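Taking it in order: structure first as structure tokens, then the write-up.
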Amino acid sequence: MTYFTIGFGLLLLVVVLLLLAWGGRRAPGGIVLPQAQTDSAGMEDDGSESRLNVVSITPETVRPAINTLSRPAAYSRVQTVETFWSGGSGQAVSQIHVSGGRTRLDTQLPDGSVRHMLVVGGAAGVWYDDETEWKLLRSRQLSADLAARTLTYETVRDLPVERIAQADYRSLEGVYCIYVETAPDSQGYVDRFWVSVDTCLLHAAERLQNGALVYRFTATAPDAAAPDEALFLLPDGSGAAQLMNEE
């Protein structure tokens, strides 16, 4: 009986170790993000989101949690950027198409015209409406996110822990997100980010100054179908590679 007990204990130990090893491969960095929820089970009667405590998101775990996400290689969606100032506001709505390292942005301007941009690396071709001529923009700092005036979740990932005032896992309009809020900086600016754990894209963002909203980003649910290749042509019919060859 003694030998049997010892043998059974060793077998149990081996099984536990194997389970731990298998779990470690499934959860890089020790973070396991829950799947998107589609039902209302688990919600409190008062509407609070108690079930969102499935995963522990804290300022210390924001970086490893964001690192588990990866932007889709191809998608399309509509993004809206709003800016607010004393006595007024502005809005830019852009149709975004992404395929690999290429991004097409079609932005409705206040005067009714549409600005088209094809961005590849640090270069962009720009034209308006149905023009066939385009202009080249080139800068080391240029990116599709910058062209779309979009805060990115890479910004969230790279935030120092001491800059993060609040971090958790919550729902925004039925989309389950990693939520991160920064502490006020020297000018009173606070940034808020909602990163979708389902689409792995920034779902929404806000910037406030001394409590007043000055910037807001929202986006529709992305279409995961590969965009039409014709979208990544310049208006003269040349391909996106032409941008990299232009001087």
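Labels for the structure tokens follow display order: chains A, B, ..., residues from 1 in each chain, ligands from 1.
Here the residues within range 68-186 of chain A that DSSP labels alpha helix (DSSP H) on the basis of the backbone are A:Ala144, A:Asp145, A:Leu146, A:Ala147, A:Tyr153, A:Glu154, A:Thr155, A:Val156, A:Arg157.
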Writing out the chosen residues with N, CA and C atoms as an mmCIF file, in the first residue's frame:
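The resulting selection_2.cif:
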```cif
data_model
loop_
_atom_site.group_PDB
_atom_site.id
_atom_site.type_symbol
_atom_site.label_atom_id
_atom_site.label_comp_id
_atom_site.auth_asym_id
_atom_site.auth_seq_id
_atom_site.Cartn_x
_atom_site.Cartn_y
_atom_site.Cartn_z
ATOM 1 N N ALA A 144 0.247 55.430 -41.622
ATOM 2 C CA ALA A 144 -1.188 55.441 -41.886
ATOM 3 C C ALA A 144 -1.955 55.956 -40.680
ATOM 4 N N ASP A 145 -1.516 55.611 -39.477
ATOM 5 C CA ASP A 145 -2.192 56.087 -38.266
ATOM 6 C C ASP A 145 -2.092 57.603 -38.150
ATOM 7 N N LEU A 146 -0.911 58.138 -38.459
ATOM 8 C CA LEU A 146 -0.728 59.586 -38.401
ATOM 9 C C LEU A 146 -1.598 60.269 -39.458
ATOM 10 N N ALA A 147 -1.644 59.692 -40.653
ATOM 11 C CA ALA A 147 -2.456 60.272 -41.722
ATOM 12 C C ALA A 147 -3.932 60.287 -41.346
ATOM 13 N N TYR A 153 -2.942 51.460 -30.449
ATOM 14 C CA TYR A 153 -2.746 50.684 -29.235
ATOM 15 C C TYR A 153 -1.272 50.399 -28.993
ATOM 16 N N GLU A 154 -0.435 50.644 -30.007
ATOM 17 C CA GLU A 154 1.007 50.586 -29.738
ATOM 18 C C GLU A 154 1.396 51.697 -28.763
ATOM 19 N N THR A 155 0.680 52.832 -28.868
ATOM 20 C CA THR A 155 0.881 53.909 -27.899
ATOM 21 C C THR A 155 0.550 53.427 -26.495
ATOM 22 N N VAL A 156 -0.545 52.670 -26.383
ATOM 23 C CA VAL A 156 -0.942 52.120 -25.086
ATOM 24 C C VAL A 156 0.125 51.155 -24.576
ATOM 25 N N ARG A 157 0.568 50.273 -25.454
ATOM 26 C CA ARG A 157 1.561 49.258 -25.067
ATOM 27 C C ARG A 157 2.827 49.893 -24.516
#
```
Got a sec: who's within 12 Å of Ala241 in chain A, counting only C-alpha atoms, leaving out chain neighbours fewer than 4 positions off, as a PDB file with all heavy atoms, in the first residue's frame?
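Final output, selection-v6.pdb:
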```
ATOM      1  N   GLY A 101       1.114  45.976 -45.810  1.00  0.00           N
ATOM      2  CA  GLY A 101       1.702  47.264 -45.435  1.00  0.00           C
ATOM      3  C   GLY A 101       1.093  48.432 -46.170  1.00  0.00           C
ATOM      4  O   GLY A 101       1.597  49.557 -46.087  1.00  0.00           O
ATOM      5  N   ARG A 102      -0.021  48.213 -46.884  1.00  0.00           N
ATOM      6  CA  ARG A 102      -0.662  49.275 -47.652  1.00  0.00           C
ATOM      7  C   ARG A 102      -1.963  49.712 -46.984  1.00  0.00           C
ATOM      8  O   ARG A 102      -2.735  48.872 -46.530  1.00  0.00           O
ATOM      9  CB  ARG A 102      -0.967  48.802 -49.078  1.00  0.00           C
ATOM     10  CG  ARG A 102       0.244  48.262 -49.821  1.00  0.00           C
ATOM     11  CD  ARG A 102      -0.186  47.564 -51.114  1.00  0.00           C
ATOM     12  NE  ARG A 102      -1.067  46.427 -50.848  1.00  0.00           N
ATOM     13  CZ  ARG A 102      -1.714  45.747 -51.797  1.00  0.00           C
ATOM     14  NH1 ARG A 102      -1.596  46.108 -53.073  1.00  0.00           N
ATOM     15  NH2 ARG A 102      -2.487  44.727 -51.482  1.00  0.00           N
ATOM     16  N   LEU A 118      -2.978  57.037 -50.314  1.00  0.00           N
ATOM     17  CA  LEU A 118      -2.459  55.678 -50.347  1.00  0.00           C
ATOM     18  C   LEU A 118      -1.121  55.711 -49.626  1.00  0.00           C
ATOM     19  O   LEU A 118      -0.187  56.388 -50.076  1.00  0.00           O
ATOM     20  CB  LEU A 118      -2.286  55.199 -51.788  1.00  0.00           C
ATOM     21  CG  LEU A 118      -1.765  53.772 -51.972  1.00  0.00           C
ATOM     22  CD1 LEU A 118      -2.680  52.758 -51.296  1.00  0.00           C
ATOM     23  CD2 LEU A 118      -1.599  53.448 -53.455  1.00  0.00           C
ATOM     24  N   VAL A 119      -1.056  55.040 -48.485  1.00  0.00           N
ATOM     25  CA  VAL A 119       0.120  55.130 -47.615  1.00  0.00           C
ATOM     26  C   VAL A 119       0.860  53.797 -47.608  1.00  0.00           C
ATOM     27  O   VAL A 119       0.261  52.739 -47.364  1.00  0.00           O
ATOM     28  CB  VAL A 119      -0.283  55.503 -46.176  1.00  0.00           C
ATOM     29  CG1 VAL A 119       0.959  55.688 -45.306  1.00  0.00           C
ATOM     30  CG2 VAL A 119      -1.141  56.767 -46.168  1.00  0.00           C
ATOM     31  N   VAL A 120       2.154  53.870 -47.886  1.00  0.00           N
ATOM     32  CA  VAL A 120       3.027  52.700 -47.829  1.00  0.00           C
ATOM     33  C   VAL A 120       4.307  53.131 -47.129  1.00  0.00           C
ATOM     34  O   VAL A 120       5.045  53.982 -47.647  1.00  0.00           O
ATOM     35  CB  VAL A 120       3.355  52.135 -49.232  1.00  0.00           C
ATOM     36  CG1 VAL A 120       4.225  50.892 -49.097  1.00  0.00           C
ATOM     37  CG2 VAL A 120       2.096  51.800 -49.993  1.00  0.00           C
ATOM     38  N   GLY A 121       4.578  52.558 -45.955  1.00  0.00           N
ATOM     39  CA  GLY A 121       5.779  52.951 -45.217  1.00  0.00           C
ATOM     40  C   GLY A 121       5.729  54.428 -44.889  1.00  0.00           C
ATOM     41  O   GLY A 121       4.730  54.951 -44.394  1.00  0.00           O
ATOM     42  N   ALA A 123       5.777  56.873 -47.086  1.00  0.00           N
ATOM     43  CA  ALA A 123       5.392  57.616 -48.285  1.00  0.00           C
ATOM     44  C   ALA A 123       3.887  57.527 -48.487  1.00  0.00           C
ATOM     45  O   ALA A 123       3.245  56.536 -48.123  1.00  0.00           O
ATOM     46  CB  ALA A 123       6.126  57.074 -49.510  1.00  0.00           C
ATOM     47  N   ALA A 124       3.339  58.582 -49.090  1.00  0.00           N
ATOM     48  CA  ALA A 124       1.901  58.603 -49.364  1.00  0.00           C
ATOM     49  C   ALA A 124       1.637  59.339 -50.656  1.00  0.00           C
ATOM     50  O   ALA A 124       2.258  60.369 -50.947  1.00  0.00           O
ATOM     51  CB  ALA A 124       1.148  59.270 -48.216  1.00  0.00           C
ATOM     52  N   GLY A 125       0.718  58.803 -51.444  1.00  0.00           N
ATOM     53  CA  GLY A 125       0.207  59.508 -52.606  1.00  0.00           C
ATOM     54  C   GLY A 125      -1.114  60.146 -52.232  1.00  0.00           C
ATOM     55  O   GLY A 125      -1.964  59.510 -51.608  1.00  0.00           O
ATOM     56  N   PHE A 232      -5.782  49.902 -54.107  1.00  0.00           N
ATOM     57  CA  PHE A 232      -4.388  50.225 -53.797  1.00  0.00           C
ATOM     58  C   PHE A 232      -3.613  50.655 -55.033  1.00  0.00           C
ATOM     59  O   PHE A 232      -2.393  50.500 -55.112  1.00  0.00           O
ATOM     60  CB  PHE A 232      -3.735  49.026 -53.106  1.00  0.00           C
ATOM     61  CG  PHE A 232      -4.457  48.611 -51.858  1.00  0.00           C
ATOM     62  CD1 PHE A 232      -5.287  47.503 -51.864  1.00  0.00           C
ATOM     63  CD2 PHE A 232      -4.358  49.356 -50.696  1.00  0.00           C
ATOM     64  CE1 PHE A 232      -5.984  47.126 -50.728  1.00  0.00           C
ATOM     65  CE2 PHE A 232      -5.055  49.001 -49.553  1.00  0.00           C
ATOM     66  CZ  PHE A 232      -5.873  47.882 -49.568  1.00  0.00           C
ATOM     67  N   LEU A 233      -4.351  51.218 -55.993  1.00  0.00           N
ATOM     68  CA  LEU A 233      -3.747  51.822 -57.169  1.00  0.00           C
ATOM     69  C   LEU A 233      -3.814  53.336 -57.052  1.00  0.00           C
ATOM     70  O   LEU A 233      -4.791  53.897 -56.536  1.00  0.00           O
ATOM     71  CB  LEU A 233      -4.473  51.384 -58.444  1.00  0.00           C
ATOM     72  CG  LEU A 233      -4.408  49.901 -58.804  1.00  0.00           C
ATOM     73  CD1 LEU A 233      -5.252  49.636 -60.049  1.00  0.00           C
ATOM     74  CD2 LEU A 233      -2.965  49.443 -59.005  1.00  0.00           C
ATOM     75  N   LEU A 234      -2.796  54.012 -57.546  1.00  0.00           N
ATOM     76  CA  LEU A 234      -2.818  55.464 -57.632  1.00  0.00           C
ATOM     77  C   LEU A 234      -3.746  55.857 -58.778  1.00  0.00           C
ATOM     78  O   LEU A 234      -4.064  55.041 -59.645  1.00  0.00           O
ATOM     79  CB  LEU A 234      -1.403  55.978 -57.848  1.00  0.00           C
ATOM     80  CG  LEU A 234      -0.469  55.765 -56.641  1.00  0.00           C
ATOM     81  CD1 LEU A 234       0.992  55.884 -57.052  1.00  0.00           C
ATOM     82  CD2 LEU A 234      -0.801  56.743 -55.527  1.00  0.00           C
ATOM     83  N   GLY A 237      -3.177  54.813 -62.322  1.00  0.00           N
ATOM     84  CA  GLY A 237      -3.138  53.388 -62.599  1.00  0.00           C
ATOM     85  C   GLY A 237      -1.895  52.678 -62.119  1.00  0.00           C
ATOM     86  O   GLY A 237      -1.815  51.450 -62.197  1.00  0.00           O
ATOM     87  N   ASN A 245       9.396  54.390 -55.205  1.00  0.00           N
ATOM     88  CA  ASN A 245      10.379  54.671 -56.245  1.00  0.00           C
ATOM     89  C   ASN A 245      10.481  56.148 -56.562  1.00  0.00           C
ATOM     90  O   ASN A 245      11.430  56.611 -57.213  1.00  0.00           O
ATOM     91  CB  ASN A 245      10.023  53.915 -57.532  1.00  0.00           C
ATOM     92  CG  ASN A 245      10.066  52.409 -57.337  1.00  0.00           C
ATOM     93  OD1 ASN A 245      10.853  51.916 -56.548  1.00  0.00           O
ATOM     94  ND2 ASN A 245       9.202  51.695 -58.048  1.00  0.00           N
ATOM     95  N   GLU A 246       9.474  56.929 -56.121  1.00  0.00           N
ATOM     96  CA  GLU A 246       9.475  58.354 -56.392  1.00  0.00           C
ATOM     97  C   GLU A 246      10.499  59.064 -55.512  1.00  0.00           C
ATOM     98  O   GLU A 246      10.684  58.726 -54.348  1.00  0.00           O
ATOM     99  CB  GLU A 246       8.091  58.955 -56.129  1.00  0.00           C
ATOM    100  CG  GLU A 246       7.039  58.519 -57.134  1.00  0.00           C
ATOM    101  CD  GLU A 246       7.197  59.210 -58.470  1.00  0.00           C
ATOM    102  OE1 GLU A 246       7.712  60.346 -58.499  1.00  0.00           O
ATOM    103  OE2 GLU A 246       6.796  58.614 -59.479  1.00  0.00           O
TER     104      GLU A 246
END
```
Problem set entry | Shortest interatomic distance to Pro184 in chain A - which of A:Ile164, A:Ala204, A:Leu142, A:Leu69, counting only C-alpha atoms |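 Among A:Ile164, A:Ala204, A:Leu142, A:Leu69, it is A:Ile164 that comes nearest to Pro184 in chain A.
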Exercise. Looking only at the backbone, which of the residues in range 41-200 of chain A does DSSP tag as strand (DSSP E), as a ChimeraX atom specification?
Worked result: /A:74-85,88-99,102-108,114-120,123-128,135-138,164-172,175-182,189-196
Exercise. In Å to one decimal, how far is CA of Val214 in chain A from CA of Gly112 in chain A?
Worked result: 23.6 Å
Exercise. Pick from A:Gly239, A:Ser139, A:Leu213, A:Tyr128: nearest to Gly88 in chain A, with only C-alpha atoms counted?
Worked result: A:Leu213
Problem set entry | Distance query Gly188 in chain A at most 12 Å, only C-alpha atoms, self and fewer than 4 positions along chain excluded, as a ChimeraX atom specification | /A:182-184,207-214
Exercise. So what do you get for CA of Asp236 in chain A versus CA of Pro222 in chain A, distance-wise?
Worked result: 28.5 Å
Exercise. Between A:Leu201, A:Ala221, A:Ala148, A:Ile57, which is the closest to Pro72 in chain A once you count only C-alpha atoms?
Worked result: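 The closest residue to Pro72 in chain A is A:Leu201.
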Exercise. Hey, which of A:Arg170, A:Arg216, A:His203, A:Arg77 ends up closest to Asp106 in chain A? Count only C-alpha atoms.
Worked result: A:Arg77
Exercise. Nearest to Ile96 in chain A: which of A:Glu229, A:Asp111, A:Asp223, A:Glu162 is it, counting only C-alpha atoms?
Worked result: A:Asp223
Problem set entry | Å distance separating CA of Tyr176 in chain A from CA of Cys200 in chain A, one decimal place | 10.5 Å
Exercise. Within 10 Å of Asp130 in chain A, counting only C-alpha atoms, which residues qualify if same-chain residues fewer than 4 places away don't, as a VMD selection string?
Worked result: chain A and resid 113 to 116 235
Problem set entry | Closest of A:Val197, A:Val93, A:Ala65, A:Met117 to Ala219 in chain A - atom-to-atom distances counting only C-alpha atoms | A:Val93
